[in-house]
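File shown: model13.cif (mmCIF, C-alpha atoms).
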```cif
data_start
loop_
_atom_site.label_atom_id
_atom_site.label_comp_id
_atom_site.auth_asym_id
_atom_site.auth_seq_id
_atom_site.Cartn_x
_atom_site.Cartn_y
_atom_site.Cartn_z
CA MET E 207 89.29 -6.72 -84.07
CA ARG E 208 87.15 -5.95 -80.97
CA ASN E 209 86.95 -8.72 -78.32
CA THR E 210 83.25 -9.17 -77.37
CA LEU E 211 81.41 -11.44 -74.95
CA SER E 212 77.88 -12.63 -74.88
CA LEU E 213 75.73 -11.71 -71.88
CA TYR E 214 75.78 -15.29 -70.72
CA GLU E 215 79.60 -15.39 -70.94
CA LEU E 216 79.82 -12.14 -69.02
CA ASN E 217 77.43 -13.36 -66.33
CA SER E 218 79.36 -16.61 -66.12
CA LEU E 219 82.55 -14.64 -65.44
CA VAL E 220 80.71 -12.71 -62.72
CA ARG E 221 79.43 -15.96 -61.19
CA GLU E 222 82.96 -17.41 -61.17
CA ALA E 223 84.32 -14.21 -59.61
CA VAL E 224 81.67 -14.24 -56.92
CA GLU E 225 82.28 -17.90 -56.12
CA LEU E 226 86.02 -17.32 -55.93
CA THR E 227 85.96 -14.10 -53.89
CA LEU E 228 82.95 -14.84 -51.63
CA PRO E 229 83.13 -18.57 -50.98
CA ASP E 230 82.03 -18.43 -47.32
CA ALA E 231 78.75 -17.91 -45.49
CA TYR E 232 78.26 -14.63 -43.62
CA TRP E 233 76.00 -13.51 -40.78
CA VAL E 234 74.36 -10.22 -41.71
CA GLU E 235 72.07 -7.86 -39.81
CA ALA E 236 69.36 -6.24 -41.88
CA GLU E 237 65.80 -4.97 -41.84
CA LEU E 238 63.14 -6.67 -43.90
CA SER E 239 61.38 -4.29 -46.27
CA GLU E 240 59.40 -7.03 -48.01
CA VAL E 241 58.66 -10.72 -47.33
CA ARG E 242 56.68 -13.09 -49.52
CA GLU E 243 56.29 -16.83 -49.87
CA ARG E 244 55.87 -18.55 -53.22
CA GLY E 245 56.11 -22.20 -54.11
CA GLY E 246 57.42 -23.06 -50.63
CA HIS E 247 60.30 -20.60 -51.00
CA CYS E 248 60.67 -17.30 -49.10
CA TYR E 249 61.74 -14.18 -50.95
CA MET E 250 63.02 -11.20 -48.97
CA GLU E 251 64.10 -7.66 -49.63
CA LEU E 252 66.78 -6.48 -47.22
CA VAL E 253 67.59 -2.85 -46.38
CA GLN E 254 69.85 -0.93 -44.05
CA LYS E 255 68.96 2.59 -42.94
CA ASP E 256 71.07 5.39 -41.55
CA ALA E 257 71.31 6.22 -37.86
CA LEU E 258 68.19 8.35 -38.03
CA GLY E 259 66.26 5.52 -39.65
CA SER E 260 65.03 7.71 -42.46
CA THR E 261 67.35 7.01 -45.39
CA THR E 262 68.17 3.63 -46.96
CA VAL E 263 71.94 3.23 -47.33
CA ALA E 264 71.98 -0.38 -48.62
CA ARG E 265 69.55 -2.79 -50.33
CA ALA E 266 69.72 -6.42 -51.46
CA SER E 267 67.52 -9.39 -52.33
CA ALA E 268 67.63 -12.65 -50.38
CA ARG E 269 66.06 -16.06 -50.94
CA CYS E 270 65.46 -18.93 -48.63
CA TRP E 271 64.89 -22.12 -50.61
CA ARG E 272 62.17 -24.53 -49.70
CA SER E 273 64.46 -27.09 -48.09
CA THR E 274 65.82 -24.49 -45.66
CA TRP E 275 62.63 -22.47 -45.20
CA ALA E 276 60.61 -25.55 -44.19
CA LEU E 277 62.76 -25.78 -41.04
CA ALA E 278 63.91 -22.21 -40.44
CA GLY E 279 60.47 -20.58 -40.80
CA PRO E 280 58.58 -22.66 -38.21
CA HIS E 281 61.54 -22.51 -35.82
CA PHE E 282 61.65 -18.71 -36.05
CA GLU E 283 57.91 -18.42 -35.43
CA HIS E 284 58.04 -20.85 -32.49
CA VAL E 285 60.81 -18.92 -30.75
CA THR E 286 59.63 -15.38 -31.45
CA GLY E 287 55.88 -15.92 -31.64
CA GLU E 288 55.97 -13.92 -34.88
CA GLN E 289 56.17 -14.59 -38.57
CA LEU E 290 58.77 -12.79 -40.65
CA ARG E 291 57.27 -9.45 -41.67
CA ALA E 292 58.26 -6.10 -43.08
CA GLY E 293 59.91 -3.79 -40.58
CA MET E 294 61.44 -6.65 -38.58
CA LYS E 295 65.18 -6.74 -37.91
CA VAL E 296 66.80 -10.14 -38.60
CA LEU E 297 70.16 -11.84 -38.40
CA LEU E 298 70.60 -14.08 -41.46
CA GLN E 299 73.34 -16.47 -42.46
CA VAL E 300 73.80 -15.95 -46.20
CA ARG E 301 76.08 -16.87 -48.98
CA ALA E 302 76.55 -15.05 -52.25
CA GLN E 303 75.07 -16.46 -55.43
CA PHE E 304 75.06 -15.12 -58.94
CA HIS E 305 72.98 -16.87 -61.53
CA GLU E 306 73.43 -16.17 -65.21
CA ASN E 307 69.65 -15.95 -65.72
CA PHE E 308 68.41 -14.53 -62.39
CA GLY E 309 71.27 -12.27 -61.37
CA PHE E 310 72.74 -11.75 -57.90
CA SER E 311 71.07 -12.64 -54.61
CA TRP E 312 71.94 -13.72 -51.14
CA ILE E 313 70.90 -17.28 -50.34
CA VAL E 314 69.69 -17.69 -46.75
CA SER E 315 70.95 -20.81 -45.02
CA ASP E 316 69.90 -19.97 -41.45
CA ILE E 317 67.91 -17.41 -39.44
CA ASP E 318 68.76 -16.53 -35.84
CA PRO E 319 65.41 -15.97 -34.02
CA VAL E 320 67.19 -14.97 -30.80
CA PHE E 321 68.51 -11.82 -32.49
CA THR E 322 65.03 -10.83 -33.66
CA LEU E 323 63.56 -11.72 -30.29
CA GLY E 324 66.10 -9.45 -28.64
CA ASP E 325 65.32 -6.65 -31.05
CA MET E 326 61.60 -7.07 -30.41
CA ALA E 327 62.27 -7.05 -26.67
CA ARG E 328 64.38 -3.93 -27.10
CA LYS E 329 61.59 -2.19 -28.97
CA ARG E 330 59.10 -3.26 -26.28
CA ARG E 331 61.42 -1.89 -23.60
CA GLU E 332 61.68 1.37 -25.49
CA VAL E 333 57.89 1.62 -25.74
CA VAL E 334 57.49 0.73 -22.06
CA ASN E 335 60.09 3.31 -21.04
CA ALA E 336 58.36 5.93 -23.17
CA LEU E 337 55.01 5.17 -21.52
CA LYS E 338 56.56 5.38 -18.06
CA ALA E 339 58.25 8.65 -18.96
CA GLU E 340 54.85 10.00 -20.01
CA GLY E 341 53.43 8.88 -16.66
CA VAL E 342 50.64 6.82 -18.26
CA PHE E 343 51.94 3.26 -17.85
CA ASP E 344 49.78 2.46 -14.78
CA LEU E 345 46.85 4.81 -15.47
CA ASN E 346 44.40 2.12 -16.59
CA LYS E 347 45.38 -0.18 -13.72
CA GLU E 348 44.47 2.58 -11.28
CA LEU E 349 40.85 2.56 -12.47
CA GLN E 350 38.35 0.70 -10.30
CA LEU E 351 36.48 -2.11 -12.05
CA THR E 352 32.95 -1.73 -10.76
CA PRO E 353 31.86 -4.71 -8.65
CA PHE E 354 28.70 -4.91 -10.78
CA ALA E 355 30.42 -4.85 -14.21
CA ARG E 356 27.86 -6.32 -16.64
CA ARG E 357 27.83 -3.93 -19.62
CA ILE E 358 30.79 -5.10 -21.70
CA ALA E 359 32.24 -3.46 -24.83
CA VAL E 360 34.19 -6.06 -26.84
CA ILE E 361 36.79 -5.19 -29.48
CA SER E 362 37.38 -8.21 -31.70
CA SER E 363 36.96 -9.58 -35.17
CA ASP E 364 33.30 -10.53 -35.59
CA THR E 365 34.37 -13.86 -37.14
CA ALA E 366 36.96 -14.75 -34.48
CA ALA E 367 36.39 -18.04 -32.69
CA GLY E 368 37.65 -16.35 -29.53
CA TYR E 369 34.75 -13.89 -29.58
CA GLY E 370 32.29 -16.77 -29.70
CA ASP E 371 34.13 -18.54 -26.87
CA PHE E 372 33.98 -15.36 -24.81
CA CYS E 373 30.23 -14.89 -25.32
CA ASN E 374 29.50 -18.58 -24.66
CA GLN E 375 31.53 -18.52 -21.46
CA LEU E 376 29.60 -15.50 -20.17
CA ALA E 377 26.20 -16.87 -21.19
CA GLY E 378 26.84 -20.30 -19.69
CA ASN E 379 28.30 -19.18 -16.34
CA ALA E 380 27.41 -21.45 -13.44
CA TYR E 381 25.88 -18.66 -11.35
CA GLY E 382 23.24 -17.42 -13.77
CA PHE E 383 24.74 -13.95 -14.06
CA SER E 384 23.45 -11.86 -16.94
CA PHE E 385 25.83 -9.81 -19.11
CA SER E 386 25.20 -7.28 -21.89
CA VAL E 387 27.85 -7.61 -24.62
CA THR E 388 28.31 -5.09 -27.46
CA LEU E 389 30.80 -5.88 -30.24
CA PHE E 390 32.95 -3.18 -31.83
CA PRO E 391 34.48 -5.00 -34.83
CA ALA E 392 38.18 -4.51 -35.57
CA VAL E 393 40.97 -6.08 -37.61
CA MET E 394 43.05 -8.07 -35.16
CA GLN E 395 46.04 -9.13 -37.29
CA GLY E 396 48.01 -7.65 -40.10
CA GLY E 397 49.16 -4.15 -40.91
CA ARG E 398 45.77 -2.52 -40.21
CA THR E 399 45.46 -3.87 -36.66
CA GLU E 400 46.81 -0.83 -34.82
CA GLN E 401 44.57 1.76 -36.47
CA SER E 402 41.53 -0.53 -36.49
CA VAL E 403 41.73 -1.22 -32.75
CA ILE E 404 42.30 2.48 -32.01
CA SER E 405 39.21 3.36 -34.07
CA ALA E 406 37.17 0.80 -32.12
CA LEU E 407 38.45 2.28 -28.83
CA ASN E 408 37.37 5.73 -30.02
CA ALA E 409 33.89 4.38 -30.83
CA VAL E 410 33.59 2.88 -27.33
CA ASN E 411 34.85 6.10 -25.75
CA ALA E 412 32.13 8.08 -27.54
CA ASP E 413 29.53 5.97 -25.71
CA ALA E 414 31.54 5.26 -22.55
CA ASP E 415 28.68 6.03 -20.14
CA ASN E 416 26.85 2.91 -21.35
CA PHE E 417 29.70 0.48 -20.55
CA ASP E 418 31.50 -0.75 -17.46
CA CYS E 419 34.69 -2.00 -19.15
CA VAL E 420 36.33 -2.92 -22.47
CA VAL E 421 37.58 -6.38 -23.47
CA ILE E 422 40.10 -6.74 -26.32
CA ILE E 423 39.97 -10.28 -27.76
CA ARG E 424 42.26 -11.87 -30.30
CA GLY E 425 41.79 -15.59 -29.86
CA GLY E 426 41.36 -18.43 -32.30
CA GLY E 427 44.34 -17.75 -34.60
CA ALA E 428 48.07 -18.15 -34.97
CA THR E 429 50.36 -16.28 -32.62
CA SER E 430 51.79 -14.29 -35.51
CA ASP E 431 51.22 -10.64 -36.41
CA LEU E 432 51.18 -9.54 -32.77
CA SER E 433 53.54 -6.62 -33.27
CA ALA E 434 50.61 -4.16 -33.38
CA PHE E 435 50.02 -4.85 -29.68
CA ASP E 436 53.55 -3.60 -28.94
CA SER E 437 52.72 -0.30 -30.67
CA LEU E 438 53.36 2.86 -28.69
CA LEU E 439 50.30 4.58 -30.15
CA LEU E 440 47.94 1.70 -29.35
CA ALA E 441 49.43 1.28 -25.87
CA GLU E 442 48.95 5.00 -25.18
CA ASN E 443 45.29 4.73 -26.18
CA VAL E 444 44.75 1.75 -23.87
CA ALA E 445 46.67 3.31 -20.97
CA ASN E 446 44.69 6.55 -21.19
CA PHE E 447 41.31 4.90 -21.75
CA PRO E 448 38.65 6.07 -19.22
CA LEU E 449 37.25 2.54 -18.67
CA PRO E 450 39.11 -0.53 -17.35
CA VAL E 451 40.55 -2.55 -20.26
CA ILE E 452 40.79 -6.36 -20.08
CA THR E 453 42.94 -8.13 -22.68
CA GLY E 454 42.44 -11.68 -23.91
CA ILE E 455 44.82 -11.63 -26.88
CA GLY E 456 45.50 -15.34 -26.62
CA HIS E 457 49.24 -15.96 -26.76
CA GLU E 458 51.70 -17.65 -24.45
CA ARG E 459 54.84 -15.62 -25.17
CA ASP E 460 55.94 -12.62 -23.12
CA GLU E 461 53.28 -10.01 -22.48
CA SER E 462 52.67 -7.47 -25.20
CA VAL E 463 52.87 -3.81 -24.22
CA VAL E 464 49.07 -3.56 -24.46
CA ASP E 465 48.85 -6.43 -21.94
CA MET E 466 51.24 -4.54 -19.67
CA VAL E 467 49.26 -1.29 -19.60
CA ALA E 468 45.79 -2.87 -19.51
CA HIS E 469 43.81 -3.03 -16.27
CA THR E 470 43.78 -6.86 -16.35
CA ARG E 471 45.51 -9.35 -18.63
CA ALA E 472 43.96 -12.75 -19.40
CA LYS E 473 45.69 -15.30 -21.62
CA THR E 474 42.60 -16.26 -23.61
CA PRO E 475 39.13 -14.90 -24.39
CA THR E 476 37.64 -17.58 -22.15
CA ALA E 477 39.90 -16.47 -19.32
CA ALA E 478 38.82 -12.86 -19.92
CA ALA E 479 35.20 -13.97 -19.52
CA GLU E 480 36.16 -15.74 -16.28
CA VAL E 481 37.64 -12.47 -14.99
CA LEU E 482 34.23 -10.80 -15.38
CA ILE E 483 32.34 -13.78 -13.96
CA GLY E 484 34.72 -13.93 -11.01
CA ASN E 485 34.27 -10.21 -10.40
CA LEU E 486 30.48 -10.59 -10.17
CA LYS E 487 30.86 -13.77 -8.08
CA ARG E 488 33.01 -11.89 -5.55
CA THR E 489 30.39 -9.16 -5.44
CA ALA E 490 27.59 -11.69 -4.96
CA ASP E 491 29.60 -13.38 -2.21
CA ARG E 492 30.21 -10.05 -0.49
CA VAL E 493 26.51 -9.19 -0.70
CA ALA E 494 25.55 -12.62 0.63
CA ASP E 495 28.15 -12.35 3.40
CA ALA E 496 26.89 -8.87 4.28
CA GLY E 497 23.35 -10.26 4.39
CA ARG E 498 24.46 -13.06 6.71
CA ARG E 499 26.33 -10.63 8.94
CA ILE E 500 23.33 -8.29 9.07
CA ALA E 501 21.01 -11.18 9.90
CA SER E 502 23.44 -12.39 12.57
CA SER E 503 23.76 -8.90 14.02
CA VAL E 504 19.99 -8.45 14.08
CA THR E 505 19.58 -11.86 15.73
CA ARG E 506 22.17 -11.00 18.39
CA ARG E 507 20.52 -7.64 19.00
CA MET E 508 17.09 -9.24 19.31
CA ASP E 509 18.48 -11.80 21.76
CA MET E 510 20.01 -8.99 23.81
CA GLU E 511 16.75 -7.07 23.79
CA ARG E 512 14.84 -10.20 24.82
CA MET E 513 17.24 -10.64 27.74
CA ARG E 514 16.81 -7.01 28.71
CA LEU E 515 13.04 -7.34 28.51
CA GLY E 516 13.21 -10.51 30.58
CA ARG E 517 15.31 -8.82 33.26
CA THR E 518 12.99 -5.82 33.20
CA ALA E 519 9.94 -8.07 33.46
CA GLU E 520 11.51 -9.80 36.47
CA ARG E 521 12.11 -6.44 38.13
CA ILE E 522 8.62 -5.10 37.46
CA PRO E 523 6.87 -6.80 40.46
CA VAL E 524 9.57 -5.61 42.86
CA LEU E 525 9.56 -2.15 41.32
CA PHE E 526 5.76 -2.06 41.37
CA SER E 527 5.68 -3.11 45.03
CA LEU E 528 8.24 -0.43 45.88
CA PHE E 529 6.38 2.12 43.80
CA ASN E 530 3.06 1.11 45.40
CA ALA E 531 4.49 1.44 48.90
CA ARG E 532 6.00 4.81 48.09
CA SER E 533 2.77 5.98 46.46
CA THR E 534 0.70 4.79 49.40
CA ALA E 535 3.00 6.58 51.79
CA ARG E 536 2.77 9.76 49.70
CA LEU E 537 -1.03 9.45 49.55
CA ASP E 538 -1.22 8.93 53.33
CA ALA E 539 0.93 11.99 53.88
CA VAL E 540 -1.18 14.02 51.49
CA TRP E 541 -4.38 12.77 53.14
CA SER E 542 -3.06 13.67 56.55
CA ARG E 543 -2.14 17.15 55.34
CA LEU E 544 -5.56 17.56 53.72
CA GLU E 545 -7.31 16.33 56.87
CA ALA E 546 -5.33 18.72 59.08
CA ALA E 547 -5.93 21.58 56.68
CA ALA E 548 -9.68 20.76 56.62
CA ARG E 549 -9.83 20.71 60.40
CA ARG E 550 -8.03 24.03 60.56
CA SER E 551 -10.36 25.47 57.95
CA VAL E 552 -13.47 24.16 59.76
CA THR E 553 -12.22 25.51 63.10
CA ALA E 554 -11.47 28.90 61.55
CA ALA E 555 -14.91 28.91 59.89
CA GLY E 556 -16.58 28.01 63.22
CA VAL E 557 -14.80 30.84 64.97
CA ARG E 558 -15.87 33.18 62.23
CA LEU E 559 -19.46 31.92 62.43
CA ASP E 560 -19.44 32.41 66.19
CA ARG E 561 -18.26 35.96 65.69
CA LEU E 562 -20.91 36.51 63.04
CA SER E 563 -23.59 34.89 65.25
CA SER E 564 -22.75 37.16 68.19
CA SER E 565 -22.81 40.24 65.99
CA ILE E 566 -26.11 39.45 64.19
CA PRO E 567 -28.70 40.19 67.02
CA PRO E 568 -27.49 43.75 67.80
CA SER E 569 -27.17 44.54 64.18
CA ALA E 570 -30.60 43.12 63.42
CA ALA E 571 -32.14 45.07 66.27
CA ARG E 572 -30.55 48.25 65.02
CA ARG E 573 -31.76 47.55 61.50
CA LEU E 574 -35.31 46.81 62.78
CA VAL E 575 -35.46 50.08 64.78
CA ALA E 576 -34.25 52.03 61.76
CA ALA E 577 -36.77 50.27 59.50
CA ARG E 578 -39.62 50.87 61.94
CA HIS E 579 -38.74 54.56 62.15
CA ARG E 580 -38.66 54.80 58.39
CA ILE E 581 -42.06 53.12 58.13
CA GLU E 582 -43.49 55.58 60.60
CA LEU E 583 -42.16 58.46 58.52
CA LEU E 584 -43.66 56.94 55.39
CA GLU E 585 -47.00 56.46 57.12
CA GLN E 586 -46.96 60.10 58.11
CA ARG E 587 -46.20 61.17 54.56
CA VAL E 588 -48.92 58.87 53.18
CA ALA E 589 -51.42 60.15 55.65
CA ALA E 590 -50.52 63.73 54.81
CA ALA E 591 -51.04 63.01 51.08
CA ASP E 592 -54.38 61.20 51.60
CA PRO E 593 -57.05 62.90 49.34
CA ALA E 594 -59.70 62.27 51.99
CA ARG E 595 -58.02 64.76 54.29
CA LEU E 596 -58.07 67.33 51.49
CA LEU E 597 -61.74 66.63 50.80
CA LYS E 598 -62.54 67.14 54.49
CA ARG E 599 -60.99 70.58 54.25
CA GLY E 600 -63.51 71.54 51.51
CA TYR E 601 -61.61 70.52 48.45
CA SER E 602 -63.14 68.29 45.68
CA ILE E 603 -61.79 65.95 43.01
CA THR E 604 -63.31 65.63 39.55
CA LEU E 605 -62.87 62.22 37.95
CA LEU E 606 -63.35 61.18 34.31
CA GLY E 607 -63.33 57.46 33.82
CA GLY E 608 -61.71 57.04 37.26
CA ARG E 609 -58.92 59.53 36.42
CA ALA E 610 -58.53 62.90 38.05
CA VAL E 611 -59.31 65.75 35.66
CA ARG E 612 -56.54 68.31 35.78
CA SER E 613 -57.70 70.62 32.97
CA ALA E 614 -61.09 71.65 31.52
CA ALA E 615 -59.57 71.04 28.10
CA GLU E 616 -59.71 67.32 28.88
CA LEU E 617 -63.54 67.42 28.89
CA LYS E 618 -65.99 67.65 26.02
CA ALA E 619 -69.76 67.90 25.85
CA GLY E 620 -71.52 64.71 26.84
CA ASP E 621 -68.69 63.41 29.08
CA GLU E 622 -69.92 61.97 32.36
CA ILE E 623 -67.81 63.15 35.21
CA GLU E 624 -67.78 62.39 38.95
CA THR E 625 -67.00 64.96 41.60
CA ARG E 626 -65.90 63.71 45.06
CA LEU E 627 -66.52 65.95 48.07
CA GLY E 628 -65.73 65.65 51.73
CA ARG E 629 -69.09 64.08 52.08
CA GLY E 630 -70.66 62.37 49.03
CA ARG E 631 -70.22 62.28 45.31
CA VAL E 632 -71.78 64.26 42.47
CA LYS E 633 -72.11 62.86 38.94
CA SER E 634 -72.75 65.21 36.07
CA VAL E 635 -72.63 65.43 32.32
CA VAL E 636 -70.71 68.14 30.68
CA GLY E 637 -73.21 70.50 29.04
CA GLY E 638 -76.11 68.38 30.57
CA LYS E 639 -78.09 67.48 33.73
CA THR E 640 -76.28 67.16 37.05
CA THR E 641 -76.94 64.37 39.61
CA SER E 642 -75.76 64.03 43.21
CA ASP E 643 -74.89 61.28 45.70
CA LYS E 644 -75.05 62.24 49.45
CA SER E 645 -73.25 59.22 50.70
#
```
Please, can you express the file's structure as structure tokens?
Amino acid sequence: MRNTLSLYELNSLVREAVELTLPDAYWVEAELSEVRERGGHCYMELVQKDALGSTTVARASARCWRSTWALAGPHFEHVTGEQLRAGMKVLLQVRAQFHENFGFSWIVSDIDPVFTLGDMARKRREVVNALKAEGVFDLNKELQLTPFARRIAVISSDTAAGYGDFCNQLAGNAYGFSFSVTLFPAVMQGGRTEQSVISALNAVNADADNFDCVVIIRGGGATSDLSAFDSLLLAENVANFPLPVITGIGHERDESVVDMVAHTRAKTPTAAAEVLIGNLKRTADRVADAGRRIASSVTRRMDMERMRLGRTAERIPVLFSLFNARSTARLDAVWSRLEAAARRSVTAAGVRLDRLSSSIPPSAARRLVAARHRIELLEQRVAAADPARLLKRGYSITLLGGRAVRSAAELKAGDEIETRLGRGRVKSVVGGKTTSDKS
């Protein structure tokens, strides 16, 4: 007859075997592939991957009962600043348990946060070393935050209390500075944080000319789910960003990699706002100081010029007296030269006049003799041409209207003409009676 067992009996044998062969607690290193809380208990799925990290070589379930989880969970989060999450490496103290109804599982009795903290630090070091190898670790720090940074692009959850604190701090600054804040909403915790923040950075970059800097805010929440800010991809985006990046992620643990590569790290959103206010305050102070130095320099220069003018004014009478004396002396010398030149000119003119005076009488006499001789010649010519002499020789002159008639063609019948003879005149009419005058 076949010997058979019920499932319960078989599972009971397995439970007894497990309890007998694995009675102790063991510390085990594993990676969490799934973590969930229910009813105060924590349920985990543990995996181990090969050296390349691509293939799972072992898998098991683990449970941390409420009584243990109530202490171990908060302690782990306090030390690491993180909640247990998928992808995290942990060191668990477990003991084997097989239950007839629920099967096999590892029961967690303790969690070593130092191991996880070290693994997180190792991963951060690896990311930092990768960024330094790429030569981008200090790129964003090398950017110059403009002294007049007022146009702020903020990457944050639109419902985060930290975003409100940031805006209130800027708006209520004690110096009356005005800021322009533009929100680029992003998921700031959970598995979508990395890609959401990168998308927001891309949106800012597309409009980078309208902003002076970027502020990444994650305030107002628990310090869990910060692993995204240790991401190599997100850190590369921040390090290579063309505008200065200020972080106000709001946690007290060691800096995240994003904090390390950012231009400026502030612990809280309020502190990030103070960074911007302080930047403008330093600029205002420099401008005010420059104004004071300019005013002081102008005042000193004016004082110097007043002193120079005063010294010049004091020297003017002396200089004027010296100038007046020199000018008077020059004028006297010029006057003396002019007077001597005038005397020489007058003397020379007198000598010339004397010469001219002595030469005038002979010249005048010669000119008078010549003129008298010429007049005599003219008189002779006039006398020779006198019509009276011709008339005395027997010639006559016929006149018409007081003009000598040179041709008979000039006369017509009825014209009254006058004929002058050596002695007397004869009047006649052409073609008419002739009259005579014996005088």
Report as a PyMOL selection string the full result of the PyMOL selection byres ((chain E and resi 266) around 9) when it is applied to this structure.
chain E and resi 250-253+264-265+267-268+310-312
Can you list what the PyMOL selection byres ((chain E and resi 282-291) around 8) grabs from this structure, as a ChimeraX atom specification?
/E:238,240-241,278-281,292-294,317-320,322-323,429-433,459
Return the single residue from E:Met394, E:Val504, E:Val611, E:Val464 that is closest to E:Val333, with distances computed using only C-alpha atoms.
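The shortest atom-to-atom distance to E:Val333 comes from E:Val464.
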I'd like the interatomic distance between atom CA of E:Ala231 and atom CA of E:Thr262, to a tenth of an Å.
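Between atom CA of E:Ala231 and atom CA of E:Thr262 the gap works out to 24.0 Å.
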Of the candidates E:Ser363, E:Gln350, E:Thr604, E:Ser563, which one gets nearest to E:Ser402 if we count only C-alpha atoms?
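Using only C-alpha atoms, E:Ser402 sits closest to E:Ser363.
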So how far away is atom CA of E:Ser405 from atom CA of E:Glu480, in Å?
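The value is 26.3 Å.
Comparing E:Lys255, E:Lys347, E:Arg398, E:Arg536 by their smallest distance to E:Pro448, the closest is E:Lys347 (using only C-alpha atoms).
Of note, atom CA of E:Leu351 and atom CA of E:Glu332 are spaced 28.8 Å apart.
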Residue among E:Arg242, E:Arg631, E:Arg550, E:Arg330 lying closest to E:Ser437, counting all atoms listed in the file
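Once distances to E:Ser437 are computed over all atoms listed in the file, the minimum belongs to E:Arg330.
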My structure is short of atoms at stretch 431-443 of chain E; please model N, CA and C atoms there, returning them as a tab-separated table (two decimals), in the frame of the given file.
```
chain	number	residue	atom	x	y	z
E	431	ASP	N	51.77	-11.98	-36.18
E	431	ASP	CA	51.22	-10.64	-36.41
E	431	ASP	C	50.76	-9.97	-35.12
E	432	LEU	N	51.54	-10.16	-34.04
E	432	LEU	CA	51.18	-9.54	-32.77
E	432	LEU	C	51.92	-8.23	-32.52
E	433	SER	N	52.71	-7.81	-33.49
E	433	SER	CA	53.54	-6.62	-33.27
E	433	SER	C	52.68	-5.38	-33.02
E	434	ALA	N	51.47	-5.34	-33.57
E	434	ALA	CA	50.61	-4.16	-33.38
E	434	ALA	C	50.33	-3.92	-31.90
E	435	PHE	N	50.33	-4.99	-31.10
E	435	PHE	CA	50.02	-4.85	-29.68
E	435	PHE	C	51.23	-4.41	-28.87
E	436	ASP	N	52.37	-4.23	-29.56
E	436	ASP	CA	53.55	-3.60	-28.94
E	436	ASP	C	53.67	-2.15	-29.42
E	437	SER	N	52.70	-1.65	-30.11
E	437	SER	CA	52.72	-0.30	-30.67
E	437	SER	C	52.60	0.74	-29.57
E	438	LEU	N	53.42	1.76	-29.65
E	438	LEU	CA	53.36	2.86	-28.69
E	438	LEU	C	52.02	3.58	-28.78
E	439	LEU	N	51.54	3.84	-29.98
E	439	LEU	CA	50.30	4.58	-30.15
E	439	LEU	C	49.11	3.81	-29.58
E	440	LEU	N	49.05	2.51	-29.87
E	440	LEU	CA	47.94	1.70	-29.35
E	440	LEU	C	48.03	1.59	-27.83
E	441	ALA	N	49.26	1.38	-27.32
E	441	ALA	CA	49.43	1.28	-25.87
E	441	ALA	C	49.03	2.58	-25.18
E	442	GLU	N	49.36	3.71	-25.77
E	442	GLU	CA	48.95	5.00	-25.18
E	442	GLU	C	47.44	5.12	-25.12
E	443	ASN	N	46.76	4.67	-26.17
E	443	ASN	CA	45.29	4.73	-26.18
E	443	ASN	C	44.70	3.85	-25.08
```
